[in-house]
file query.pdb (PDB, C-alpha atoms)
ATOM      1  CA  MET A   5     -35.250  18.753 -85.786
ATOM      2  CA  SER A   6     -35.444  15.089 -84.843
ATOM      3  CA  SER A   7     -38.736  13.395 -84.183
ATOM      4  CA  SER A   8     -39.771   9.847 -83.384
ATOM      5  CA  SER A   9     -43.221  10.235 -84.919
ATOM      6  CA  PRO A  10     -43.733   8.542 -88.300
ATOM      7  CA  VAL A  11     -44.758  10.881 -91.089
ATOM      8  CA  SER A  12     -48.200   9.837 -92.314
ATOM      9  CA  ALA A  13     -48.561  12.123 -95.303
ATOM     10  CA  VAL A  14     -47.181  10.933 -98.615
ATOM     11  CA  SER A  15     -44.146  13.010 -99.517
ATOM     12  CA  ALA A  16     -43.194  13.874-103.047
ATOM     13  CA  THR A  17     -39.536  13.675-102.097
ATOM     14  CA  ALA A  18     -37.489  10.652-101.143
ATOM     15  CA  PRO A  19     -37.669   9.607 -97.475
ATOM     16  CA  HIS A  20     -35.096  11.348 -95.305
ATOM     17  CA  VAL A  21     -33.648  10.597 -91.877
ATOM     18  CA  VAL A  22     -35.539  12.243 -89.019
ATOM     19  CA  ASP A  23     -33.778  10.475 -86.125
ATOM     20  CA  ASP A  24     -30.363   8.812 -86.152
ATOM     21  CA  CYS A  25     -29.185   6.898 -83.083
ATOM     22  CA  LEU A  26     -25.403   6.443 -83.236
ATOM     23  CA  GLY A  27     -25.616   5.523 -86.920
ATOM     24  CA  ILE A  28     -27.061   2.173 -85.856
ATOM     25  CA  VAL A  29     -30.785   2.907 -86.017
ATOM     26  CA  GLN A  30     -32.275   5.479 -88.371
ATOM     27  CA  LEU A  31     -35.935   6.470 -88.448
ATOM     28  CA  LEU A  32     -36.996   7.791 -91.848
ATOM     29  CA  SER A  33     -39.651  10.344 -92.683
ATOM     30  CA  ASP A  34     -41.970   7.707 -94.134
ATOM     31  CA  GLY A  35     -41.890   5.745 -90.858
ATOM     32  CA  THR A  36     -39.517   3.038 -92.056
ATOM     33  CA  VAL A  37     -36.447   2.074 -90.037
ATOM     34  CA  THR A  38     -32.962   1.133 -91.172
ATOM     35  CA  ARG A  39     -30.830  -0.852 -88.776
ATOM     36  CA  SER A  40     -27.118  -1.666 -88.883
ATOM     37  CA  ALA A  41     -25.319  -4.582 -87.258
ATOM     38  CA  GLU A  42     -22.187  -2.413 -86.876
ATOM     39  CA  TYR A  43     -21.676  -1.415 -83.221
ATOM     40  CA  SER A  44     -18.234   0.187 -83.407
ATOM     41  CA  ALA A  45     -19.723   3.415 -82.012
ATOM     42  CA  LEU A  46     -19.939   1.789 -78.576
ATOM     43  CA  PRO A  47     -16.812   2.265 -76.418
ATOM     44  CA  LEU A  48     -16.191  -1.397 -75.624
ATOM     45  CA  GLN A  49     -13.001  -2.364 -73.798
ATOM     46  CA  GLY A  50     -11.141  -5.530 -72.906
ATOM     47  CA  GLU A  51     -11.290  -9.053 -74.230
ATOM     48  CA  VAL A  52     -14.065 -11.617 -74.112
ATOM     49  CA  PRO A  53     -13.014 -14.458 -71.771
ATOM     50  CA  SER A  54     -12.519 -17.705 -73.665
ATOM     51  CA  ASN A  55     -11.471 -20.120 -70.946
ATOM     52  CA  LEU A  56     -14.393 -20.080 -68.499
ATOM     53  CA  PRO A  57     -15.959 -23.475 -67.707
ATOM     54  CA  VAL A  58     -19.320 -22.660 -69.288
ATOM     55  CA  GLN A  59     -21.289 -24.150 -72.158
ATOM     56  CA  TRP A  60     -24.076 -22.310 -73.941
ATOM     57  CA  LYS A  61     -26.793 -22.849 -76.488
ATOM     58  CA  ASP A  62     -29.340 -20.662 -78.291
ATOM     59  CA  VAL A  63     -33.043 -21.465 -78.182
ATOM     60  CA  VAL A  64     -36.220 -19.855 -79.545
ATOM     61  CA  TYR A  65     -38.614 -18.746 -76.838
ATOM     62  CA  ASP A  66     -41.162 -16.971 -79.063
ATOM     63  CA  ALA A  67     -41.430 -18.393 -82.577
ATOM     64  CA  ALA A  68     -44.135 -15.923 -83.606
ATOM     65  CA  HIS A  69     -41.723 -13.009 -83.132
ATOM     66  CA  ALA A  70     -38.521 -14.963 -83.916
ATOM     67  CA  LEU A  71     -37.134 -14.186 -80.466
ATOM     68  CA  ARG A  72     -34.264 -16.151 -78.974
ATOM     69  CA  LEU A  73     -32.335 -16.440 -75.769
ATOM     70  CA  ARG A  74     -28.946 -17.897 -74.931
ATOM     71  CA  MET A  75     -28.626 -20.379 -72.077
ATOM     72  CA  TYR A  76     -25.351 -20.632 -70.148
ATOM     73  CA  ARG A  77     -24.505 -23.528 -67.852
ATOM     74  CA  PRO A  78     -21.309 -23.869 -65.775
ATOM     75  CA  THR A  79     -19.579 -27.175 -66.343
ATOM     76  CA  ASP A  80     -17.317 -27.476 -63.307
ATOM     77  CA  GLY A  81     -20.037 -28.842 -61.016
ATOM     78  CA  ASN A  82     -19.605 -26.097 -58.395
ATOM     79  CA  THR A  83     -23.123 -25.135 -57.287
ATOM     80  CA  THR A  84     -22.249 -23.743 -53.806
ATOM     81  CA  THR A  85     -25.791 -24.608 -52.657
ATOM     82  CA  ALA A  86     -27.109 -27.043 -50.099
ATOM     83  CA  ASN A  87     -29.519 -28.709 -52.550
ATOM     84  CA  ASN A  88     -26.803 -28.959 -55.225
ATOM     85  CA  LYS A  89     -28.900 -26.947 -57.685
ATOM     86  CA  LEU A  90     -28.084 -23.762 -59.556
ATOM     87  CA  PRO A  91     -30.195 -20.621 -59.224
ATOM     88  CA  VAL A  92     -31.525 -19.288 -62.526
ATOM     89  CA  LEU A  93     -30.589 -15.750 -63.586
ATOM     90  CA  VAL A  94     -32.718 -14.310 -66.399
ATOM     91  CA  TYR A  95     -30.796 -11.406 -67.950
ATOM     92  CA  PHE A  96     -32.109  -8.624 -70.203
ATOM     93  CA  HIS A  97     -29.548  -6.492 -72.035
ATOM     94  CA  GLY A  98     -29.479  -2.725 -72.215
ATOM     95  CA  GLY A  99     -29.506  -0.433 -75.222
ATOM     96  CA  GLY A 100     -32.262   2.093 -74.589
ATOM     97  CA  PHE A 101     -34.850  -0.393 -75.898
ATOM     98  CA  CYS A 102     -33.512   0.423 -79.374
ATOM     99  CA  LEU A 103     -30.112  -1.264 -79.636
ATOM    100  CA  CYS A 104     -28.091  -4.394 -78.937
ATOM    101  CA  SER A 105     -28.543  -8.118 -78.540
ATOM    102  CA  PHE A 106     -27.342 -10.886 -76.252
ATOM    103  CA  GLU A 107     -25.062 -11.889 -79.159
ATOM    104  CA  LEU A 108     -22.838  -8.803 -78.859
ATOM    105  CA  PRO A 109     -19.443  -9.926 -77.516
ATOM    106  CA  HIS A 110     -19.532  -7.895 -74.302
ATOM    107  CA  PHE A 111     -23.032  -8.998 -73.303
ATOM    108  CA  HIS A 112     -21.887 -12.531 -74.037
ATOM    109  CA  ALA A 113     -18.807 -11.974 -71.870
ATOM    110  CA  GLY A 114     -20.891 -10.703 -68.971
ATOM    111  CA  ALA A 115     -23.219 -13.690 -69.164
ATOM    112  CA  LEU A 116     -20.259 -16.089 -69.237
ATOM    113  CA  ARG A 117     -18.873 -14.488 -66.090
ATOM    114  CA  LEU A 118     -22.215 -14.557 -64.281
ATOM    115  CA  ALA A 119     -22.744 -18.234 -65.128
ATOM    116  CA  ALA A 120     -19.237 -19.263 -64.058
ATOM    117  CA  GLU A 121     -18.643 -17.023 -61.074
ATOM    118  CA  LEU A 122     -21.979 -16.782 -59.271
ATOM    119  CA  PRO A 123     -22.503 -19.641 -60.324
ATOM    120  CA  ALA A 124     -25.926 -19.810 -61.981
ATOM    121  CA  LEU A 125     -27.815 -21.057 -64.980
ATOM    122  CA  VAL A 126     -28.090 -17.855 -67.021
ATOM    123  CA  LEU A 127     -30.710 -17.086 -69.643
ATOM    124  CA  SER A 128     -29.748 -13.987 -71.656
ATOM    125  CA  ALA A 129     -32.707 -12.916 -73.758
ATOM    126  CA  ASP A 130     -33.379 -10.698 -76.714
ATOM    127  CA  TYR A 131     -36.639  -8.765 -77.047
ATOM    128  CA  ARG A 132     -38.293  -6.706 -79.740
ATOM    129  CA  LEU A 133     -36.577  -3.382 -80.310
ATOM    130  CA  ALA A 134     -37.929   0.099 -80.944
ATOM    131  CA  PRO A 135     -38.815   2.046 -82.950
ATOM    132  CA  GLU A 136     -40.111  -0.901 -84.993
ATOM    133  CA  HIS A 137     -41.713  -2.240 -81.810
ATOM    134  CA  ARG A 138     -42.347   0.459 -79.266
ATOM    135  CA  LEU A 139     -42.980  -0.094 -75.588
ATOM    136  CA  PRO A 140     -44.571  -2.006 -73.974
ATOM    137  CA  ALA A 141     -43.446  -4.652 -76.514
ATOM    138  CA  ALA A 142     -40.164  -5.315 -74.660
ATOM    139  CA  HIS A 143     -42.001  -5.667 -71.343
ATOM    140  CA  ARG A 144     -44.410  -8.206 -72.822
ATOM    141  CA  ASP A 145     -41.480 -10.138 -74.326
ATOM    142  CA  ALA A 146     -39.821 -10.333 -70.909
ATOM    143  CA  GLU A 147     -42.965 -11.895 -69.508
ATOM    144  CA  ALA A 148     -42.917 -14.333 -72.424
ATOM    145  CA  VAL A 149     -39.377 -15.389 -71.442
ATOM    146  CA  LEU A 150     -40.543 -16.251 -67.932
ATOM    147  CA  SER A 151     -43.623 -18.047 -69.252
ATOM    148  CA  TRP A 152     -41.316 -20.029 -71.554
ATOM    149  CA  LEU A 153     -39.157 -20.915 -68.556
ATOM    150  CA  ARG A 154     -42.214 -22.174 -66.708
ATOM    151  CA  ALA A 155     -43.371 -24.225 -69.720
ATOM    152  CA  GLN A 156     -39.914 -25.707 -70.329
ATOM    153  CA  ALA A 157     -39.295 -26.791 -66.751
ATOM    154  CA  GLU A 158     -39.814 -30.449 -67.637
ATOM    155  CA  ALA A 159     -38.883 -30.261 -71.326
ATOM    156  CA  ASP A 160     -35.502 -28.586 -71.719
ATOM    157  CA  PRO A 161     -32.748 -30.941 -70.511
ATOM    158  CA  TRP A 162     -30.777 -28.109 -68.914
ATOM    159  CA  LEU A 163     -33.798 -27.290 -66.752
ATOM    160  CA  ALA A 164     -35.206 -30.769 -66.206
ATOM    161  CA  ASP A 165     -32.061 -32.613 -65.093
ATOM    162  CA  ASP A 166     -32.376 -31.431 -61.477
ATOM    163  CA  SER A 167     -29.518 -28.940 -61.831
ATOM    164  CA  ALA A 168     -31.713 -25.810 -62.054
ATOM    165  CA  ASP A 169     -33.544 -24.466 -59.015
ATOM    166  CA  LEU A 170     -36.684 -22.848 -60.443
ATOM    167  CA  GLY A 171     -37.665 -21.825 -56.951
ATOM    168  CA  ARG A 172     -34.766 -19.361 -57.041
ATOM    169  CA  VAL A 173     -35.150 -17.369 -60.242
ATOM    170  CA  PHE A 174     -33.552 -13.929 -60.347
ATOM    171  CA  VAL A 175     -34.504 -11.363 -62.984
ATOM    172  CA  CYS A 176     -31.579  -9.128 -63.886
ATOM    173  CA  GLY A 177     -30.899  -6.448 -66.452
ATOM    174  CA  ASP A 178     -28.746  -3.437 -67.206
ATOM    175  CA  SER A 179     -30.129  -0.041 -68.229
ATOM    176  CA  ALA A 180     -33.226  -0.823 -70.337
ATOM    177  CA  GLY A 181     -32.926  -4.351 -68.962
ATOM    178  CA  GLY A 182     -33.057  -2.909 -65.434
ATOM    179  CA  ASN A 183     -36.243  -1.099 -66.400
ATOM    180  CA  ILE A 184     -37.596  -4.435 -67.633
ATOM    181  CA  ALA A 185     -36.658  -6.102 -64.343
ATOM    182  CA  HIS A 186     -38.641  -3.445 -62.452
ATOM    183  CA  HIS A 187     -41.741  -3.977 -64.569
ATOM    184  CA  VAL A 188     -41.472  -7.748 -64.206
ATOM    185  CA  ALA A 189     -41.235  -7.301 -60.425
ATOM    186  CA  VAL A 190     -44.356  -5.130 -60.434
ATOM    187  CA  ARG A 191     -46.363  -7.547 -62.565
ATOM    188  CA  TYR A 192     -45.222 -10.531 -60.495
ATOM    189  CA  GLY A 193     -45.713  -8.762 -57.169
ATOM    190  CA  SER A 194     -49.228  -7.687 -58.092
ATOM    191  CA  GLY A 195     -50.269 -11.184 -59.159
ATOM    192  CA  GLN A 196     -50.520 -10.397 -62.875
ATOM    193  CA  LEU A 197     -47.683 -12.687 -63.972
ATOM    194  CA  ALA A 198     -48.662 -16.270 -63.254
ATOM    195  CA  LEU A 199     -45.515 -18.354 -62.720
ATOM    196  CA  ASP A 200     -46.152 -20.205 -59.463
ATOM    197  CA  PRO A 201     -45.848 -22.918 -58.364
ATOM    198  CA  VAL A 202     -43.259 -23.975 -60.970
ATOM    199  CA  VAL A 203     -41.247 -20.757 -61.064
ATOM    200  CA  ARG A 204     -40.667 -18.412 -58.153
ATOM    201  CA  ILE A 205     -38.929 -15.057 -58.588
ATOM    202  CA  ALA A 206     -36.583 -14.844 -55.615
ATOM    203  CA  GLY A 207     -35.162 -11.425 -56.440
ATOM    204  CA  CYS A 208     -34.455  -8.807 -59.088
ATOM    205  CA  VAL A 209     -31.152  -7.132 -59.934
ATOM    206  CA  LEU A 210     -31.484  -3.676 -61.479
ATOM    207  CA  LEU A 211     -28.186  -2.472 -62.939
ATOM    208  CA  TRP A 212     -28.383   1.332 -63.497
ATOM    209  CA  PRO A 213     -32.094   1.040 -64.428
ATOM    210  CA  PHE A 214     -33.209   3.202 -67.336
ATOM    211  CA  PHE A 215     -35.946   5.483 -66.013
ATOM    212  CA  THR A 216     -36.888   9.057 -66.793
ATOM    213  CA  ALA A 217     -39.552  11.706 -66.164
ATOM    214  CA  GLU A 218     -40.604  15.069 -67.514
ATOM    215  CA  GLU A 219     -39.011  16.773 -64.506
ATOM    216  CA  ARG A 220     -35.209  16.567 -64.710
ATOM    217  CA  THR A 221     -33.029  15.578 -61.810
ATOM    218  CA  ALA A 222     -29.889  17.589 -61.119
ATOM    219  CA  SER A 223     -27.615  14.900 -62.570
ATOM    220  CA  GLU A 224     -29.754  14.636 -65.720
ATOM    221  CA  ALA A 225     -29.705  18.410 -66.177
ATOM    222  CA  ALA A 226     -25.922  18.404 -65.814
ATOM    223  CA  GLY A 227     -25.686  15.569 -68.350
ATOM    224  CA  LEU A 228     -27.717  17.599 -70.833
ATOM    225  CA  VAL A 229     -25.098  20.368 -71.000
ATOM    226  CA  ASP A 230     -22.065  18.060 -70.986
ATOM    227  CA  GLU A 231     -21.570  17.475 -74.703
ATOM    228  CA  HIS A 232     -18.540  15.231 -74.105
ATOM    229  CA  GLN A 233     -20.421  12.590 -72.106
ATOM    230  CA  PHE A 234     -21.215   9.667 -74.385
ATOM    231  CA  MET A 235     -23.846   8.108 -72.097
ATOM    232  CA  GLY A 236     -25.510  11.482 -71.552
ATOM    233  CA  THR A 237     -28.992  12.891 -71.219
ATOM    234  CA  ALA A 238     -29.297  13.800 -74.909
ATOM    235  CA  LEU A 239     -28.672  10.195 -75.996
ATOM    236  CA  PHE A 240     -31.087   8.896 -73.360
ATOM    237  CA  ASP A 241     -33.765  11.380 -74.452
ATOM    238  CA  GLN A 242     -33.349  10.198 -78.032
ATOM    239  CA  ALA A 243     -33.773   6.585 -76.973
ATOM    240  CA  TRP A 244     -36.990   7.451 -75.154
ATOM    241  CA  ARG A 245     -38.304   9.307 -78.224
ATOM    242  CA  LEU A 246     -37.747   6.168 -80.253
ATOM    243  CA  ALA A 247     -38.970   3.701 -77.631
ATOM    244  CA  LEU A 248     -42.114   5.236 -76.163
ATOM    245  CA  PRO A 249     -45.479   5.199 -77.951
ATOM    246  CA  VAL A 250     -45.764   8.042 -80.453
ATOM    247  CA  GLY A 251     -46.875  11.205 -78.678
ATOM    248  CA  ALA A 252     -46.094   9.900 -75.173
ATOM    249  CA  THR A 253     -44.213  12.054 -72.670
ATOM    250  CA  ARG A 254     -41.359  10.959 -70.429
ATOM    251  CA  ASP A 255     -43.941  10.459 -67.674
ATOM    252  CA  HIS A 256     -45.346   7.431 -69.515
ATOM    253  CA  PRO A 257     -45.684   4.459 -67.099
ATOM    254  CA  ALA A 258     -43.060   2.495 -69.053
ATOM    255  CA  ALA A 259     -40.518   5.241 -68.362
ATOM    256  CA  ASN A 260     -41.478   6.782 -65.022
ATOM    257  CA  PRO A 261     -42.385   4.274 -62.291
ATOM    258  CA  PHE A 262     -43.813   7.112 -60.191
ATOM    259  CA  GLY A 263     -45.602   8.994 -62.974
ATOM    260  CA  PRO A 264     -49.195  10.247 -62.789
ATOM    261  CA  ASP A 265     -50.509   7.245 -64.738
ATOM    262  CA  SER A 266     -48.152   4.612 -63.289
ATOM    263  CA  VAL A 267     -49.361   1.695 -61.190
ATOM    264  CA  PRO A 268     -49.308   2.632 -57.477
ATOM    265  CA  LEU A 269     -46.546   0.606 -55.879
ATOM    266  CA  ASP A 270     -47.558   0.761 -52.222
ATOM    267  CA  ASP A 271     -49.419  -2.564 -52.266
ATOM    268  CA  VAL A 272     -47.124  -4.418 -54.686
ATOM    269  CA  ALA A 273     -45.361  -7.373 -53.034
ATOM    270  CA  PHE A 274     -41.900  -6.784 -54.488
ATOM    271  CA  PRO A 275     -39.349  -9.572 -54.337
ATOM    272  CA  PRO A 276     -35.993  -8.481 -52.870
ATOM    273  CA  LEU A 277     -34.323  -5.898 -55.109
ATOM    274  CA  LEU A 278     -30.644  -5.172 -55.651
ATOM    275  CA  VAL A 279     -30.269  -1.739 -57.266
ATOM    276  CA  VAL A 280     -26.834  -0.818 -58.614
ATOM    277  CA  ASP A 281     -26.007   2.871 -58.962
ATOM    278  CA  PRO A 282     -22.789   4.093 -60.644
ATOM    279  CA  ASP A 283     -22.303   7.519 -59.101
ATOM    280  CA  GLN A 284     -20.966   9.080 -62.334
ATOM    281  CA  ASP A 285     -24.104   8.054 -64.236
ATOM    282  CA  VAL A 286     -26.375  10.896 -65.366
ATOM    283  CA  LEU A 287     -29.155   8.718 -63.923
ATOM    284  CA  HIS A 288     -27.470   8.718 -60.486
ATOM    285  CA  ASP A 289     -30.025  11.011 -58.836
ATOM    286  CA  ARG A 290     -32.954   9.167 -60.365
ATOM    287  CA  ILE A 291     -31.637   5.774 -59.270
ATOM    288  CA  GLN A 292     -31.111   7.108 -55.754
ATOM    289  CA  ASP A 293     -34.658   8.475 -55.729
ATOM    290  CA  TYR A 294     -36.077   5.160 -56.995
ATOM    291  CA  ALA A 295     -34.390   3.196 -54.205
ATOM    292  CA  ALA A 296     -35.339   5.788 -51.561
ATOM    293  CA  ARG A 297     -39.006   5.812 -52.550
ATOM    294  CA  LEU A 298     -39.294   2.029 -52.505
ATOM    295  CA  THR A 299     -37.457   1.879 -49.180
ATOM    296  CA  ALA A 300     -39.938   4.417 -47.770
ATOM    297  CA  MET A 301     -42.705   2.008 -48.830
ATOM    298  CA  ALA A 302     -40.952  -0.736 -46.835
ATOM    299  CA  LYS A 303     -39.958  -2.673 -49.938
ATOM    300  CA  PRO A 304     -36.897  -4.966 -49.630
ATOM    301  CA  VAL A 305     -34.284  -2.842 -51.443
ATOM    302  CA  GLU A 306     -30.500  -3.041 -51.306
ATOM    303  CA  LEU A 307     -28.678  -0.133 -52.951
ATOM    304  CA  ALA A 308     -25.079  -0.664 -54.078
ATOM    305  CA  VAL A 309     -23.232   2.495 -55.163
ATOM    306  CA  PHE A 310     -20.171   2.128 -57.389
ATOM    307  CA  ARG A 311     -17.910   5.119 -56.923
ATOM    308  CA  GLY A 312     -16.244   6.571 -59.988
ATOM    309  CA  GLN A 313     -18.218   4.419 -62.433
ATOM    310  CA  GLY A 314     -20.546   5.454 -65.220
ATOM    311  CA  HIS A 315     -23.569   4.042 -66.971
ATOM    312  CA  GLY A 316     -22.981   0.580 -68.397
ATOM    313  CA  PHE A 317     -19.545  -0.129 -66.928
ATOM    314  CA  PHE A 318     -20.181  -3.886 -66.760
ATOM    315  CA  VAL A 319     -21.045  -3.911 -70.468
ATOM    316  CA  PHE A 320     -18.266  -1.638 -71.679
ATOM    317  CA  ASP A 321     -15.556  -3.373 -69.629
ATOM    318  CA  PRO A 322     -16.939  -6.738 -68.445
ATOM    319  CA  CYS A 323     -13.587  -7.969 -67.161
ATOM    320  CA  GLY A 324     -12.476  -4.780 -65.433
ATOM    321  CA  GLU A 325     -11.925  -4.278 -61.718
ATOM    322  CA  ALA A 326     -15.319  -2.662 -61.133
ATOM    323  CA  SER A 327     -16.989  -5.563 -62.931
ATOM    324  CA  ASP A 328     -15.121  -7.972 -60.644
ATOM    325  CA  GLN A 329     -16.631  -6.141 -57.680
ATOM    326  CA  LEU A 330     -20.077  -6.183 -59.275
ATOM    327  CA  ILE A 331     -19.942  -9.954 -59.725
ATOM    328  CA  HIS A 332     -19.119 -10.236 -56.014
ATOM    329  CA  VAL A 333     -22.102  -8.042 -55.051
ATOM    330  CA  ILE A 334     -24.510  -9.999 -57.249
ATOM    331  CA  ARG A 335     -23.125 -13.311 -55.950
ATOM    332  CA  ARG A 336     -23.783 -12.240 -52.362
ATOM    333  CA  PHE A 337     -27.317 -11.141 -53.247
ATOM    334  CA  VAL A 338     -28.119 -14.389 -55.076
ATOM    335  CA  HIS A 339     -26.436 -16.862 -52.741
ATOM    336  CA  GLY A 340     -26.412 -14.923 -49.460
ATOM    337  CA  GLY A 341     -23.472 -14.472 -47.119
TER     338      GLY A 341
END

call {"tool": "encode", "arguments": {"input": "query.pdb", "output": "structure tokens"}}
result
Amino acid sequence: MSSSSPVSAVSATAPHVVDDCLGIVQLLSDGTVTRSAEYSALPLQGEVPSNLPVQWKDVVYDAAHALRLRMYRPTDGNTTTANNKLPVLVYFHGGGFCLCSFELPHFHAGALRLAAELPALVLSADYRLAPEHRLPAAHRDAEAVLSWLRAQAEADPWLADDSADLGRVFVCGDSAGGNIAHHVAVRYGSGQLALDPVVRIAGCVLLWPFFTAEERTASEAAGLVDEHQFMGTALFDQAWRLALPVGATRDHPAANPFGPDSVPLDDVAFPPLLVVDPDQDVLHDRIQDYAARLTAMAKPVELAVFRGQGHGFFVFDPCGEASDQLIHVIRRFVHGG
């Protein structure tokens, strides 16, 4: 039986694997973790675009934890804004809090498209991964990215040359990154993330946000019995075992925004939210419930349902037809009209 809890007792035998996530991350019985850079288990499709008018660079935003982000800037001069400045889109990748990096080709491809086609100045950030660094480490790293952005407003030439509009910062993420975007919105909307007056979060984009709870939804229960679904409930449960604090349940506040110990959201001043729901996702019911509950609280929520799509479609096929439509939806949300 798999377990995410480190074994504290000294074993007379060699350490053995107690949890194996896609052959990429293995948790051993002595609490150590082995991690591979081989991601062939992910069903990635299509080619990475090579001819988009975008330049990028990698920078360190947290030297203490050796954390980096990649900045993308369109080079064709098309800002589509009245003040001739680009909005800033801060993007957090998915991977169940355990996998992936902005450097993977298909996350890179998505960021290139967002920078060129919105257009926007895109910051695609890494964060500490579990189980080496369990939640809320990733949430704290996301806040560090935004604090870095605030501190670099007059220092980094891509931010300080009057091309970036720090009054229009959008926090975006897919799956685990969508979860991160929610928690950033809560911290910002409750006054616990000090960014003003330099940086203003103008909206958050939650792409198939990665939430859970002890009580299953109908779509999650169906995903548990469908052994042929790659992005299914069993894989998501495993990710939560590896990502949550040892001994925590799926109702932990990092996982369930409406759990018994979660911050009440009624009085949180959310920025506008765009929530994207692929209707073939095992999280479909939970995403619908998330949007419905926030709407009932009079929060500014737009729900975009993508028919026939599954969890992570923008990552797995960043240049596909559904991804084209997604870029259009995000562009409208960011730029209006």

call {"tool": "atom_distance", "arguments": {"input": "query.pdb", "atom1": "atom CA of A:Cys104", "atom2": "atom CA of A:Tyr43"}}
result
8.3 Å

call {"tool": "resolve_selection", "arguments": {"input": "query.pdb", "expression": "the PyMOL selection byres ((chain A and resi 29) around 9)", "output": "PyMOL selection string"}}
result
chain A and resi 23-28+30-31+37-40+102-103+135

call {"tool": "residues_around", "arguments": {"input": "query.pdb", "residues": "stretch 69-78 of chain A", "least_positions_apart": "3", "cutoff": "8 Å", "atoms": "all atoms listed in the file", "output": "count of residues only"}}
result
28

call {"tool": "resolve_selection", "arguments": {"input": "query.pdb", "expression": "the PyMOL selection byres ((chain A and resi 317-333) around 10)", "output": "PyMOL selection string"}}
result
chain A and resi 46-53+97-98+108-118+121-122+178+211-212+278+280+282+285+308+310-316+334-338+340

call {"tool": "axis_aligned_box", "arguments": {"input": "query.pdb", "around": "stretch 189-197 of chain A", "padding_each_side": "5 Å", "output": "JSON"}}
result
{"center_x": -45.9, "center_y": -8.9, "center_z": -60.6, "size_x": 19.3, "size_y": 17.6, "size_z": 16.8}

call {"tool": "resolve_selection", "arguments": {"input": "query.pdb", "expression": "the PyMOL selection byres ((chain A and resi 197) around 12)", "output": "NGL selection string"}}
result
:A and (143-144 or 146-151 or 154 or 187-196 or 198-201 or 203-205)

call {"tool": "decode", "arguments": {"input": "query.pdb", "residues": "stretch 57-69 of chain A", "atoms": "N, CA and C atoms", "output": "tab-separated table (two decimals), in the first residue's frame"}}
result
chain	number	residue	atom	x	y	z
A	57	PRO	N	6.94	36.18	-32.32
A	57	PRO	CA	7.76	37.36	-32.04
A	57	PRO	C	7.87	37.63	-30.54
A	58	VAL	N	8.60	36.78	-29.85
A	58	VAL	CA	8.72	36.86	-28.39
A	58	VAL	C	10.17	36.60	-28.01
A	59	GLN	N	10.69	37.38	-27.08
A	59	GLN	CA	11.99	37.09	-26.50
A	59	GLN	C	11.77	36.72	-25.03
A	60	TRP	N	12.68	35.92	-24.50
A	60	TRP	CA	12.54	35.50	-23.10
A	60	TRP	C	13.89	35.46	-22.43
A	61	LYS	N	13.83	35.48	-21.10
A	61	LYS	CA	15.03	35.37	-20.29
A	61	LYS	C	14.66	34.74	-18.96
A	62	ASP	N	15.60	34.04	-18.33
A	62	ASP	CA	15.40	33.43	-17.03
A	62	ASP	C	16.04	34.29	-15.95
A	63	VAL	N	15.33	34.45	-14.84
A	63	VAL	CA	15.86	35.22	-13.72
A	63	VAL	C	15.59	34.46	-12.43
A	64	VAL	N	16.38	34.74	-11.41
A	64	VAL	CA	16.19	34.16	-10.07
A	64	VAL	C	15.32	35.11	-9.27
A	65	TYR	N	14.23	34.59	-8.71
A	65	TYR	CA	13.39	35.44	-7.88
A	65	TYR	C	13.53	35.12	-6.39
A	66	ASP	N	14.12	33.98	-6.07
A	66	ASP	CA	14.33	33.60	-4.67
A	66	ASP	C	15.65	32.84	-4.60
A	67	ALA	N	16.73	33.55	-4.31
A	67	ALA	CA	18.05	32.92	-4.29
A	67	ALA	C	18.17	31.91	-3.17
A	68	ALA	N	17.51	32.13	-2.06
A	68	ALA	CA	17.62	31.22	-0.91
A	68	ALA	C	17.12	29.83	-1.25
A	69	HIS	N	16.11	29.75	-2.13
A	69	HIS	CA	15.54	28.46	-2.52
A	69	HIS	C	15.87	28.10	-3.97
